[in-house]
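**Student:** So that you have it, the file is entry.cif, and it contains mmCIF, N, CA and C atoms:
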data_data
#
loop_
_atom_site.label_atom_id
_atom_site.label_comp_id
_atom_site.auth_asym_id
_atom_site.auth_seq_id
_atom_site.Cartn_x
_atom_site.Cartn_y
_atom_site.Cartn_z
N MET H 1 154.42 189.62 13.27
CA MET H 1 155.04 188.65 12.41
C MET H 1 154.74 189.03 10.96
N ARG H 2 155.77 188.95 10.13
CA ARG H 2 155.63 189.16 8.69
C ARG H 2 156.35 188.05 7.97
N THR H 3 155.74 187.58 6.91
CA THR H 3 156.38 186.57 6.08
C THR H 3 155.81 186.68 4.68
N GLU H 4 156.54 186.17 3.71
CA GLU H 4 156.04 186.18 2.34
C GLU H 4 156.48 184.92 1.62
N LEU H 5 155.75 184.62 0.56
CA LEU H 5 156.01 183.43 -0.24
C LEU H 5 155.88 183.80 -1.71
N HIS H 6 156.88 183.42 -2.49
CA HIS H 6 156.83 183.56 -3.95
C HIS H 6 156.57 182.16 -4.49
N VAL H 7 155.54 182.02 -5.30
CA VAL H 7 155.15 180.70 -5.77
C VAL H 7 154.74 180.79 -7.24
N PRO H 8 155.00 179.74 -8.02
CA PRO H 8 154.59 179.76 -9.43
C PRO H 8 153.06 179.80 -9.58
N SER H 9 152.63 180.23 -10.74
CA SER H 9 151.20 180.28 -11.08
C SER H 9 150.75 178.91 -11.57
N ASP H 10 150.61 178.00 -10.65
CA ASP H 10 150.21 176.64 -11.00
C ASP H 10 149.44 176.06 -9.83
N LEU H 11 148.26 175.56 -10.10
CA LEU H 11 147.41 175.05 -9.02
C LEU H 11 148.01 173.85 -8.29
N LYS H 12 149.03 173.21 -8.86
CA LYS H 12 149.65 172.10 -8.13
C LYS H 12 150.40 172.59 -6.89
N PHE H 13 150.61 173.91 -6.78
CA PHE H 13 151.26 174.49 -5.60
C PHE H 13 150.26 174.94 -4.54
N LEU H 14 148.98 174.67 -4.77
CA LEU H 14 147.95 175.14 -3.84
C LEU H 14 148.15 174.61 -2.42
N SER H 15 148.48 173.35 -2.28
CA SER H 15 148.67 172.80 -0.92
C SER H 15 149.87 173.44 -0.23
N ILE H 16 150.89 173.79 -0.99
CA ILE H 16 152.06 174.48 -0.41
C ILE H 16 151.64 175.85 0.10
N VAL H 17 150.83 176.55 -0.69
CA VAL H 17 150.34 177.87 -0.31
C VAL H 17 149.49 177.78 0.97
N GLU H 18 148.59 176.80 1.02
CA GLU H 18 147.73 176.61 2.20
C GLU H 18 148.58 176.29 3.43
N ASN H 19 149.52 175.36 3.27
CA ASN H 19 150.36 174.97 4.41
C ASN H 19 151.20 176.13 4.92
N TRP H 20 151.68 176.97 4.00
CA TRP H 20 152.46 178.16 4.39
C TRP H 20 151.61 179.08 5.26
N LEU H 21 150.43 179.42 4.78
CA LEU H 21 149.57 180.35 5.51
C LEU H 21 149.14 179.79 6.86
N LEU H 22 148.54 178.61 6.84
CA LEU H 22 148.01 178.05 8.08
C LEU H 22 149.12 177.67 9.05
N GLY H 23 150.23 177.18 8.52
CA GLY H 23 151.36 176.82 9.38
C GLY H 23 151.96 178.03 10.08
N ALA H 24 152.15 179.12 9.34
CA ALA H 24 152.70 180.34 9.93
C ALA H 24 151.78 180.89 11.02
N LEU H 25 150.49 180.89 10.75
CA LEU H 25 149.53 181.41 11.74
C LEU H 25 149.46 180.51 12.97
N GLU H 26 149.49 179.21 12.77
CA GLU H 26 149.40 178.30 13.91
C GLU H 26 150.65 178.39 14.78
N VAL H 27 151.81 178.52 14.15
CA VAL H 27 153.05 178.68 14.93
C VAL H 27 152.99 179.96 15.75
N GLU H 28 152.50 181.00 15.16
CA GLU H 28 152.47 182.31 15.82
C GLU H 28 151.39 182.39 16.91
N LEU H 29 150.21 181.84 16.64
CA LEU H 29 149.08 182.01 17.56
C LEU H 29 148.83 180.82 18.47
N GLY H 30 149.37 179.66 18.11
CA GLY H 30 149.17 178.48 18.95
C GLY H 30 147.70 178.16 19.13
N ASP H 31 147.32 177.85 20.36
CA ASP H 31 145.94 177.45 20.63
C ASP H 31 145.05 178.62 21.05
N ARG H 32 145.49 179.84 20.78
CA ARG H 32 144.68 181.01 21.14
C ARG H 32 143.60 181.31 20.11
N VAL H 33 143.46 180.45 19.10
CA VAL H 33 142.47 180.64 18.04
C VAL H 33 141.70 179.34 17.85
N ASP H 34 140.45 179.45 17.52
CA ASP H 34 139.62 178.29 17.20
C ASP H 34 140.03 177.80 15.80
N TRP H 35 141.05 176.92 15.73
CA TRP H 35 141.63 176.54 14.44
C TRP H 35 140.69 175.82 13.50
N PRO H 36 139.86 174.90 13.97
CA PRO H 36 138.98 174.23 12.99
C PRO H 36 138.13 175.24 12.20
N ARG H 37 137.56 176.20 12.88
CA ARG H 37 136.70 177.18 12.20
C ARG H 37 137.54 178.17 11.38
N GLN H 38 138.58 178.70 11.96
CA GLN H 38 139.37 179.73 11.26
C GLN H 38 140.18 179.13 10.12
N ALA H 39 140.70 177.93 10.28
CA ALA H 39 141.47 177.30 9.20
C ALA H 39 140.60 177.09 7.97
N ASN H 40 139.37 176.65 8.16
CA ASN H 40 138.48 176.45 7.01
C ASN H 40 138.15 177.77 6.32
N ARG H 41 137.89 178.79 7.10
CA ARG H 41 137.58 180.11 6.54
C ARG H 41 138.77 180.65 5.75
N LEU H 42 139.95 180.61 6.34
CA LEU H 42 141.14 181.16 5.68
C LEU H 42 141.55 180.32 4.48
N ARG H 43 141.37 179.02 4.57
CA ARG H 43 141.67 178.14 3.44
C ARG H 43 140.79 178.51 2.24
N LEU H 44 139.51 178.71 2.46
CA LEU H 44 138.59 179.07 1.39
C LEU H 44 138.97 180.41 0.77
N VAL H 45 139.31 181.39 1.59
CA VAL H 45 139.72 182.70 1.10
C VAL H 45 140.99 182.57 0.26
N LEU H 46 141.96 181.84 0.76
CA LEU H 46 143.22 181.69 0.05
C LEU H 46 143.05 180.92 -1.26
N VAL H 47 142.28 179.85 -1.24
CA VAL H 47 142.04 179.06 -2.45
C VAL H 47 141.37 179.94 -3.51
N GLU H 48 140.40 180.72 -3.12
CA GLU H 48 139.71 181.60 -4.05
C GLU H 48 140.67 182.63 -4.65
N ALA H 49 141.45 183.28 -3.80
CA ALA H 49 142.36 184.33 -4.27
C ALA H 49 143.47 183.76 -5.17
N TYR H 50 144.13 182.70 -4.71
CA TYR H 50 145.24 182.13 -5.46
C TYR H 50 144.77 181.51 -6.78
N SER H 51 143.67 180.77 -6.73
CA SER H 51 143.20 180.13 -7.96
C SER H 51 142.72 181.16 -8.99
N ASN H 52 142.17 182.27 -8.54
CA ASN H 52 141.79 183.33 -9.49
C ASN H 52 143.00 183.92 -10.19
N VAL H 53 144.09 184.09 -9.46
CA VAL H 53 145.31 184.59 -10.09
C VAL H 53 145.78 183.59 -11.15
N VAL H 54 145.84 182.32 -10.77
CA VAL H 54 146.33 181.29 -11.69
C VAL H 54 145.43 181.16 -12.92
N ARG H 55 144.11 181.10 -12.69
CA ARG H 55 143.17 180.85 -13.79
C ARG H 55 142.84 182.08 -14.63
N HIS H 56 142.91 183.26 -14.04
CA HIS H 56 142.49 184.46 -14.76
C HIS H 56 143.63 185.44 -15.01
N ALA H 57 144.25 185.95 -13.96
CA ALA H 57 145.27 186.97 -14.12
C ALA H 57 146.50 186.46 -14.87
N HIS H 58 146.93 185.24 -14.55
CA HIS H 58 148.14 184.68 -15.16
C HIS H 58 147.82 183.56 -16.14
N ARG H 59 146.62 183.52 -16.65
CA ARG H 59 146.19 182.44 -17.55
C ARG H 59 147.21 182.23 -18.66
N ASN H 60 147.61 180.97 -18.82
CA ASN H 60 148.58 180.56 -19.85
C ASN H 60 149.95 181.19 -19.68
N ARG H 61 150.23 181.69 -18.49
CA ARG H 61 151.55 182.25 -18.20
C ARG H 61 152.04 181.75 -16.83
N PRO H 62 152.29 180.44 -16.73
CA PRO H 62 152.66 179.87 -15.43
C PRO H 62 154.02 180.35 -14.92
N ASN H 63 154.80 180.99 -15.80
CA ASN H 63 156.11 181.49 -15.37
C ASN H 63 155.99 182.77 -14.54
N LEU H 64 154.83 183.43 -14.56
CA LEU H 64 154.65 184.62 -13.73
C LEU H 64 154.49 184.19 -12.27
N PRO H 65 155.22 184.81 -11.37
CA PRO H 65 155.11 184.42 -9.96
C PRO H 65 153.89 185.06 -9.29
N VAL H 66 153.43 184.42 -8.24
CA VAL H 66 152.43 184.98 -7.35
C VAL H 66 153.17 185.28 -6.05
N LEU H 67 152.98 186.49 -5.55
CA LEU H 67 153.60 186.88 -4.29
C LEU H 67 152.52 186.96 -3.23
N LEU H 68 152.73 186.24 -2.13
CA LEU H 68 151.80 186.27 -1.01
C LEU H 68 152.53 186.88 0.18
N ARG H 69 151.91 187.86 0.79
CA ARG H 69 152.49 188.50 1.98
C ARG H 69 151.50 188.37 3.13
N LEU H 70 152.01 187.98 4.27
CA LEU H 70 151.19 187.82 5.46
C LEU H 70 151.77 188.68 6.57
N GLU H 71 150.89 189.44 7.19
CA GLU H 71 151.29 190.21 8.37
C GLU H 71 150.27 189.95 9.46
N LEU H 72 150.77 189.69 10.66
CA LEU H 72 149.91 189.42 11.81
C LEU H 72 150.37 190.29 12.96
N LYS H 73 149.46 191.12 13.47
CA LYS H 73 149.72 191.94 14.66
C LYS H 73 148.64 191.59 15.66
N ASN H 74 149.04 190.97 16.76
CA ASN H 74 148.08 190.44 17.73
C ASN H 74 147.16 189.47 17.01
N ARG H 75 145.90 189.82 16.81
CA ARG H 75 144.97 188.97 16.06
C ARG H 75 144.56 189.59 14.73
N ASP H 76 145.16 190.72 14.39
CA ASP H 76 144.83 191.40 13.13
C ASP H 76 145.69 190.83 12.01
N LEU H 77 145.02 190.23 11.04
CA LEU H 77 145.67 189.55 9.94
C LEU H 77 145.49 190.36 8.66
N CYS H 78 146.58 190.51 7.91
CA CYS H 78 146.52 191.12 6.58
C CYS H 78 147.24 190.19 5.62
N LEU H 79 146.52 189.77 4.59
CA LEU H 79 147.08 188.92 3.55
C LEU H 79 147.01 189.67 2.23
N GLU H 80 148.17 189.80 1.58
CA GLU H 80 148.22 190.42 0.26
C GLU H 80 148.53 189.35 -0.78
N VAL H 81 147.79 189.37 -1.87
CA VAL H 81 148.01 188.46 -2.98
C VAL H 81 148.33 189.32 -4.19
N TRP H 82 149.58 189.23 -4.66
CA TRP H 82 150.07 190.05 -5.77
C TRP H 82 150.12 189.23 -7.05
N ASP H 83 149.62 189.81 -8.13
CA ASP H 83 149.72 189.19 -9.44
C ASP H 83 150.31 190.19 -10.43
N TYR H 84 150.70 189.68 -11.58
CA TYR H 84 151.34 190.52 -12.60
C TYR H 84 150.62 190.41 -13.93
N GLY H 85 149.31 190.19 -13.86
CA GLY H 85 148.46 190.14 -15.05
C GLY H 85 147.94 191.52 -15.40
N ASP H 86 146.94 191.53 -16.27
CA ASP H 86 146.34 192.80 -16.69
C ASP H 86 145.48 193.43 -15.61
N GLY H 87 145.00 192.66 -14.70
CA GLY H 87 144.16 193.19 -13.64
C GLY H 87 142.69 193.06 -13.98
N PHE H 88 141.87 193.26 -12.98
CA PHE H 88 140.42 193.14 -13.12
C PHE H 88 139.79 194.49 -12.81
N ASP H 89 138.94 194.95 -13.69
CA ASP H 89 138.26 196.23 -13.51
C ASP H 89 137.01 195.99 -12.67
N LEU H 90 137.09 196.35 -11.39
CA LEU H 90 135.97 196.10 -10.49
C LEU H 90 134.71 196.87 -10.86
N SER H 91 134.85 197.94 -11.64
CA SER H 91 133.66 198.70 -12.02
C SER H 91 132.75 197.89 -12.95
N THR H 92 133.29 196.80 -13.54
CA THR H 92 132.47 195.96 -14.41
C THR H 92 131.86 194.77 -13.67
N TYR H 93 132.16 194.65 -12.38
CA TYR H 93 131.68 193.51 -11.59
C TYR H 93 130.19 193.65 -11.29
N LEU H 94 129.45 192.61 -11.58
CA LEU H 94 128.04 192.52 -11.21
C LEU H 94 127.87 191.32 -10.29
N PRO H 95 127.46 191.55 -9.05
CA PRO H 95 127.31 190.41 -8.13
C PRO H 95 126.22 189.46 -8.62
N PRO H 96 126.42 188.16 -8.40
CA PRO H 96 125.40 187.19 -8.81
C PRO H 96 124.12 187.40 -7.99
N THR H 97 123.02 187.11 -8.62
CA THR H 97 121.73 187.22 -7.93
C THR H 97 121.21 185.81 -7.66
N PRO H 98 120.47 185.65 -6.57
CA PRO H 98 120.02 184.30 -6.19
C PRO H 98 119.08 183.65 -7.20
N HIS H 99 118.34 184.40 -7.95
CA HIS H 99 117.34 183.82 -8.84
C HIS H 99 117.83 183.59 -10.26
N GLU H 100 119.08 183.90 -10.55
CA GLU H 100 119.65 183.67 -11.88
C GLU H 100 120.93 182.88 -11.77
N TYR H 101 121.16 181.98 -12.73
CA TYR H 101 122.41 181.21 -12.75
C TYR H 101 123.53 182.09 -13.30
N HIS H 102 124.66 182.09 -12.60
CA HIS H 102 125.85 182.80 -13.05
C HIS H 102 127.01 181.83 -13.05
N GLU H 103 127.79 181.85 -14.11
CA GLU H 103 128.94 180.95 -14.19
C GLU H 103 130.05 181.40 -13.25
N GLY H 104 130.24 182.69 -13.09
CA GLY H 104 131.31 183.21 -12.25
C GLY H 104 130.79 184.36 -11.41
N GLY H 105 131.73 185.03 -10.76
CA GLY H 105 131.38 186.20 -9.98
C GLY H 105 131.17 185.95 -8.50
N TYR H 106 131.28 184.69 -8.09
CA TYR H 106 131.04 184.37 -6.69
C TYR H 106 132.26 184.63 -5.81
N GLY H 107 133.44 184.64 -6.40
CA GLY H 107 134.67 184.80 -5.62
C GLY H 107 134.71 186.10 -4.84
N TRP H 108 134.40 187.19 -5.51
CA TRP H 108 134.43 188.50 -4.85
C TRP H 108 133.40 188.53 -3.71
N LEU H 109 132.26 187.92 -3.95
CA LEU H 109 131.22 187.84 -2.93
C LEU H 109 131.70 187.02 -1.73
N ILE H 110 132.32 185.88 -1.99
CA ILE H 110 132.84 185.02 -0.93
C ILE H 110 133.90 185.76 -0.10
N LEU H 111 134.83 186.40 -0.78
CA LEU H 111 135.90 187.11 -0.07
C LEU H 111 135.33 188.19 0.84
N ASN H 112 134.36 188.93 0.35
CA ASN H 112 133.77 190.01 1.14
C ASN H 112 132.93 189.50 2.30
N ARG H 113 132.39 188.31 2.18
CA ARG H 113 131.60 187.74 3.28
C ARG H 113 132.51 187.17 4.38
N LEU H 114 133.66 186.64 3.98
CA LEU H 114 134.52 185.94 4.94
C LEU H 114 135.58 186.83 5.59
N MET H 115 135.86 187.98 4.99
CA MET H 115 136.89 188.87 5.53
C MET H 115 136.25 190.18 5.97
N ASP H 116 136.94 190.90 6.85
CA ASP H 116 136.42 192.17 7.33
C ASP H 116 136.61 193.29 6.31
N LYS H 117 137.71 193.22 5.56
CA LYS H 117 138.02 194.26 4.59
C LYS H 117 138.68 193.62 3.38
N VAL H 118 138.22 193.98 2.18
CA VAL H 118 138.79 193.47 0.94
C VAL H 118 139.03 194.67 0.02
N GLU H 119 140.26 194.80 -0.45
CA GLU H 119 140.60 195.88 -1.39
C GLU H 119 141.37 195.29 -2.55
N TYR H 120 141.17 195.86 -3.71
CA TYR H 120 141.91 195.44 -4.90
C TYR H 120 142.48 196.68 -5.55
N ARG H 121 143.80 196.69 -5.69
CA ARG H 121 144.48 197.84 -6.29
C ARG H 121 145.17 197.41 -7.57
N LEU H 122 144.89 198.12 -8.64
CA LEU H 122 145.46 197.84 -9.96
C LEU H 122 146.78 198.57 -10.15
N GLN H 123 147.71 197.88 -10.76
CA GLN H 123 148.99 198.44 -11.20
C GLN H 123 149.69 199.29 -10.14
N VAL H 124 150.08 198.60 -9.09
CA VAL H 124 150.88 199.20 -8.02
C VAL H 124 152.27 198.61 -8.15
N ASN H 125 153.25 199.43 -8.45
CA ASN H 125 154.63 198.96 -8.61
C ASN H 125 154.73 197.77 -9.57
N GLY H 126 153.97 197.83 -10.66
CA GLY H 126 154.04 196.79 -11.69
C GLY H 126 153.17 195.58 -11.44
N GLY H 127 152.40 195.57 -10.37
CA GLY H 127 151.53 194.43 -10.09
C GLY H 127 150.17 194.88 -9.59
N ASN H 128 149.32 193.91 -9.37
CA ASN H 128 147.99 194.15 -8.82
C ASN H 128 147.94 193.50 -7.45
N CYS H 129 147.32 194.16 -6.50
CA CYS H 129 147.31 193.66 -5.13
C CYS H 129 145.89 193.47 -4.62
N LEU H 130 145.59 192.25 -4.20
CA LEU H 130 144.36 191.95 -3.49
C LEU H 130 144.72 191.91 -2.02
N MET H 131 144.15 192.83 -1.24
CA MET H 131 144.45 192.90 0.18
C MET H 131 143.24 192.43 0.98
N LEU H 132 143.48 191.46 1.84
CA LEU H 132 142.43 190.83 2.63
C LEU H 132 142.76 191.01 4.11
N GLU H 133 141.83 191.58 4.86
CA GLU H 133 142.09 191.83 6.28
C GLU H 133 140.96 191.27 7.14
N THR H 134 141.34 190.79 8.32
CA THR H 134 140.36 190.34 9.30
C THR H 134 141.01 190.33 10.67
N THR H 135 140.19 190.33 11.67
CA THR H 135 140.64 190.13 13.04
C THR H 135 140.18 188.74 13.44
N LEU H 136 141.14 187.92 13.82
CA LEU H 136 140.83 186.54 14.20
C LEU H 136 140.24 186.51 15.60
N PRO H 137 139.07 185.89 15.75
CA PRO H 137 138.51 185.77 17.11
C PRO H 137 139.32 184.77 17.91
N GLY H 138 139.22 184.90 19.22
CA GLY H 138 139.91 183.95 20.10
C GLY H 138 139.22 182.61 20.10
N GLU H 139 139.80 181.67 20.86
CA GLU H 139 139.19 180.36 20.93
C GLU H 139 137.88 180.46 21.68
N PRO H 140 136.91 179.62 21.35
CA PRO H 140 135.59 179.74 21.99
C PRO H 140 135.69 179.54 23.50
N THR H 141 134.91 180.33 24.20
CA THR H 141 134.92 180.18 25.65
C THR H 141 134.06 178.97 26.03
N GLN H 142 134.56 178.24 27.00
CA GLN H 142 133.85 177.06 27.47
C GLN H 142 132.84 177.50 28.56
N ILE H 143 131.61 177.10 28.38
CA ILE H 143 130.58 177.41 29.39
C ILE H 143 130.60 176.29 30.42
N PRO H 144 130.78 176.65 31.69
CA PRO H 144 130.81 175.61 32.72
C PRO H 144 129.48 174.87 32.80
N SER H 145 129.56 173.58 33.02
CA SER H 145 128.30 172.80 33.10
C SER H 145 127.87 172.60 34.53
#
Show me, as structure tokens, the structure contained in the file I just sent.
**Tutor:**
Amino acid sequence: MRTELHVPSDLKFLSIVENWLLGALEVELGDRVDWPRQANRLRLVLVEAYSNVVRHAHRNRPNLPVLLRLELKNRDLCLEVWDYGDGFDLSTYLPPTPHEYHEGGYGWLILNRLMDKVEYRLQVNGGNCLMLETTLPGEPTQIPS
């Protein structure tokens, strides 16, 4: 299954973005996935990625679209988040440390903890692409009592 969504750079569209992602996956996978756990994980990943585009990449430019692409093969999920801002230079990223307060920098850490693979490519066909991949586990097995 492949689908995509073009959405404005405005946080008021966040619930539409969430419903698109989770709705498409639920229609495709049905009850073969532990939805309470996976929905929360994917919602957090999507909120982090989309809000970063709105707040940083497209700051003060709500007319720039955000393109979201979803591909699902069996349980292998790939989500691409495309922006048209200047991009972020990952070589300048310093992960937050537990003993010091940091205002930002947690998003990249969160994405890498929750997904199996995270890649960020600058200036590909006029945009920047954040690619997020994971394999969705099946629904939990019930242990007979």
**Student:** Evaluate the PyMOL selection byres (((chain H and resi 75 and name CA) around 8) and name CA) here and jot the selected residues down as a list in words.
**Tutor:**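 Residues picked by the PyMOL selection byres (((chain H and resi 75 and name CA) around 8) and name CA): Leu72, Lys73, Asn74, Asp76, Leu77, Thr135, Leu136 and Pro137 of chain H.
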**Student:** State, in Å with one decimal place, the distance from atom N of Leu11 (chain H) to atom C of Ser51 (chain H).
**Tutor:**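 Atom C of Ser51 (chain H) lies 8.0 Å from atom N of Leu11 (chain H).
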**Student:** Per DSSP on the backbone, filter region 4-145 of chain H down to the residues in strand (DSSP E) and report them as a VMD selection string.
**Tutor:** chain H and resid 4 to 8 65 to 73 76 to 83 117 to 124 127 to 135
**Student:** Mind giving me the straight-line distance from atom N of Leu21 (chain H) to atom C of Trp82 (chain H) in Å, one decimal?
**Tutor:**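 Value for the atom N of Leu21 (chain H)-atom C of Trp82 (chain H) distance: 15.4 Å.
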**Student:** Assuming the chain letters and numbering stay as they are in my file, what does the PyMOL selection byres (((chain H and resi 109-116 and name CA) around 9) and name CA) actually select? List them as a ChimeraX atom specification.
**Tutor:** /H:41-42,44-45,48-49,95-96,105-108,117-118,132-135
**Student:** Please indicate the distance in Å from CA of Glu18 (chain H) to CA of Arg43 (chain H), rounded to one decimal place.
**Tutor:**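 So the answer is 6.4 Å.
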**Student:** Pick from H:Lys12, H:Arg37, H:His56, H:Arg2: nearest to Leu25 (chain H), with only C-alpha atoms counted?
**Tutor:**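 Checking each of H:Lys12, H:Arg37, H:His56, H:Arg2 against Leu25 (chain H), counting only C-alpha atoms, the winner is H:Arg2.
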**Student:** Can you list what the PyMOL selection byres ((chain H and resi 87) around 6.5) grabs from this structure, as an mmCIF file with N, CA and C atoms, in the frame of the given file?
**Tutor:**
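Dumped everything to selection14.cif:
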data_model
loop_
_atom_site.group_PDB
_atom_site.id
_atom_site.type_symbol
_atom_site.label_atom_id
_atom_site.label_comp_id
_atom_site.auth_asym_id
_atom_site.auth_seq_id
_atom_site.Cartn_x
_atom_site.Cartn_y
_atom_site.Cartn_z
ATOM 1 N N ALA H 57 144.250 185.950 -13.960
ATOM 2 C CA ALA H 57 145.270 186.970 -14.120
ATOM 3 C C ALA H 57 146.500 186.460 -14.870
ATOM 4 N N TYR H 84 150.700 189.680 -11.580
ATOM 5 C CA TYR H 84 151.340 190.520 -12.600
ATOM 6 C C TYR H 84 150.620 190.410 -13.930
ATOM 7 N N GLY H 85 149.310 190.190 -13.860
ATOM 8 C CA GLY H 85 148.460 190.140 -15.050
ATOM 9 C C GLY H 85 147.940 191.520 -15.400
ATOM 10 N N ASP H 86 146.940 191.530 -16.270
ATOM 11 C CA ASP H 86 146.340 192.800 -16.690
ATOM 12 C C ASP H 86 145.480 193.430 -15.610
ATOM 13 N N PHE H 88 141.870 193.260 -12.980
ATOM 14 C CA PHE H 88 140.420 193.140 -13.120
ATOM 15 C C PHE H 88 139.790 194.490 -12.810
ATOM 16 N N ASP H 89 138.940 194.950 -13.690
ATOM 17 C CA ASP H 89 138.260 196.230 -13.510
ATOM 18 C C ASP H 89 137.010 195.990 -12.670
ATOM 19 N N LEU H 122 144.890 198.120 -8.640
ATOM 20 C CA LEU H 122 145.460 197.840 -9.960
ATOM 21 C C LEU H 122 146.780 198.570 -10.150
ATOM 22 N N ASN H 128 149.320 193.910 -9.370
ATOM 23 C CA ASN H 128 147.990 194.150 -8.820
ATOM 24 C C ASN H 128 147.940 193.500 -7.450
#
**Student:** Just the alpha helix (DSSP H) stuff from region 15-124 of chain H, please, per backbone DSSP, written as a PyMOL selection string.
**Tutor:** chain H and resi 15-29+35-52+106-114
**Student:** Can you tell me which residues surround Gly127 (chain H) at a distance of at most 5 Å, considering all atoms listed in the file, apart from same-chain residues fewer than 2 positions away, and format the answer as a PyMOL selection string?
**Tutor:** chain H and resi 83-84+123-125+129
**Student:** Between H:Val53, H:Leu67, H:Leu22, H:Leu46, which is the closest to His6 (chain H) once you count only N, CA and C atoms?
**Tutor:**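 When distances to His6 (chain H) are compared using only N, CA and C atoms, the smallest one comes from H:Leu67.
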